[in-house]
Amino acid sequence: MTLELLKDIGEQGLLERLQPFCPPGIVGDDGAVIPPPESGQSLVITTDVLVNGVHFSDRYGGVSQCTTSPEDAGWRAAAANLSDLAAMGASPLGITVGLSLTGDVAVSWVERLYQGMTQCLNQYNTPIVGGDICRSPVITIAIT
């Protein structure tokens, strides 16, 4: 079986594959429309960036296992932001995901990354509401 690569399907193809991880009707073009909080409340925004080779590793170690599974990297990225919000006494409304990806990253790796994020986010009823994807020499995950 041939591994499907990002360079083969492009950004639009990947966005179509990731749409099922997001609620319908909320995700826009690189943004999301979120209703303002009720009067007397504050909107708290946090962001964290994870960099391949610093915060996780997608390269194979040992016999045949990644040193960090994509699911674990996704979980960690989501949990870092949820933790920051909890520390400030805030409840999450949704997250945006900014991904910088190499052209040779497997599409299945990105899907598994999103599976890890949504597994974490679902525990707190928090949807992925938008984001952006670009090509880069190193994989980075930025969540707001």
# chains A, B, ... in the order shown; residues from 1 in each chain; ligands from 1
>>> residues_around(residues="Ala142 of chain A", least_positions_apart="4", cutoff="10 Å", atoms="only C-alpha atoms", output="mmCIF file with C-alpha atoms, in the first residue's frame")
data_model
loop_
_atom_site.group_PDB
_atom_site.id
_atom_site.type_symbol
_atom_site.label_atom_id
_atom_site.label_comp_id
_atom_site.auth_asym_id
_atom_site.auth_seq_id
_atom_site.Cartn_x
_atom_site.Cartn_y
_atom_site.Cartn_z
ATOM 1 C CA THR A 47 -1.900 29.974 22.350
ATOM 2 C CA ASP A 48 0.806 27.321 22.445
ATOM 3 C CA VAL A 49 3.209 26.140 19.757
ATOM 4 C CA LEU A 50 4.782 22.686 19.564
ATOM 5 C CA VAL A 51 7.780 22.174 17.278
ATOM 6 C CA ALA A 77 -1.085 20.364 21.890
ATOM 7 C CA ALA A 78 -4.767 20.539 22.857
ATOM 8 C CA ASN A 81 -4.155 25.208 25.800
ATOM 9 C CA THR A 96 -8.020 27.033 16.039
ATOM 10 C CA VAL A 97 -5.164 24.916 14.747
ATOM 11 C CA GLY A 98 -2.223 26.303 12.780
ATOM 12 C CA LEU A 99 -0.123 23.584 11.157
ATOM 13 C CA SER A 100 3.171 23.974 9.348
ATOM 14 C CA GLY A 131 -7.121 27.194 11.537
ATOM 15 C CA ASP A 132 -4.523 27.346 8.809
#
>>> atom_distance(atom1="atom CA of Leu93 of chain A", atom2="atom CA of Asn122 of chain A")
11.7 Å
>>> atom_distance(atom1="atom CA of Pro23 of chain A", atom2="atom CA of Ile45 of chain A")
19.9 Å
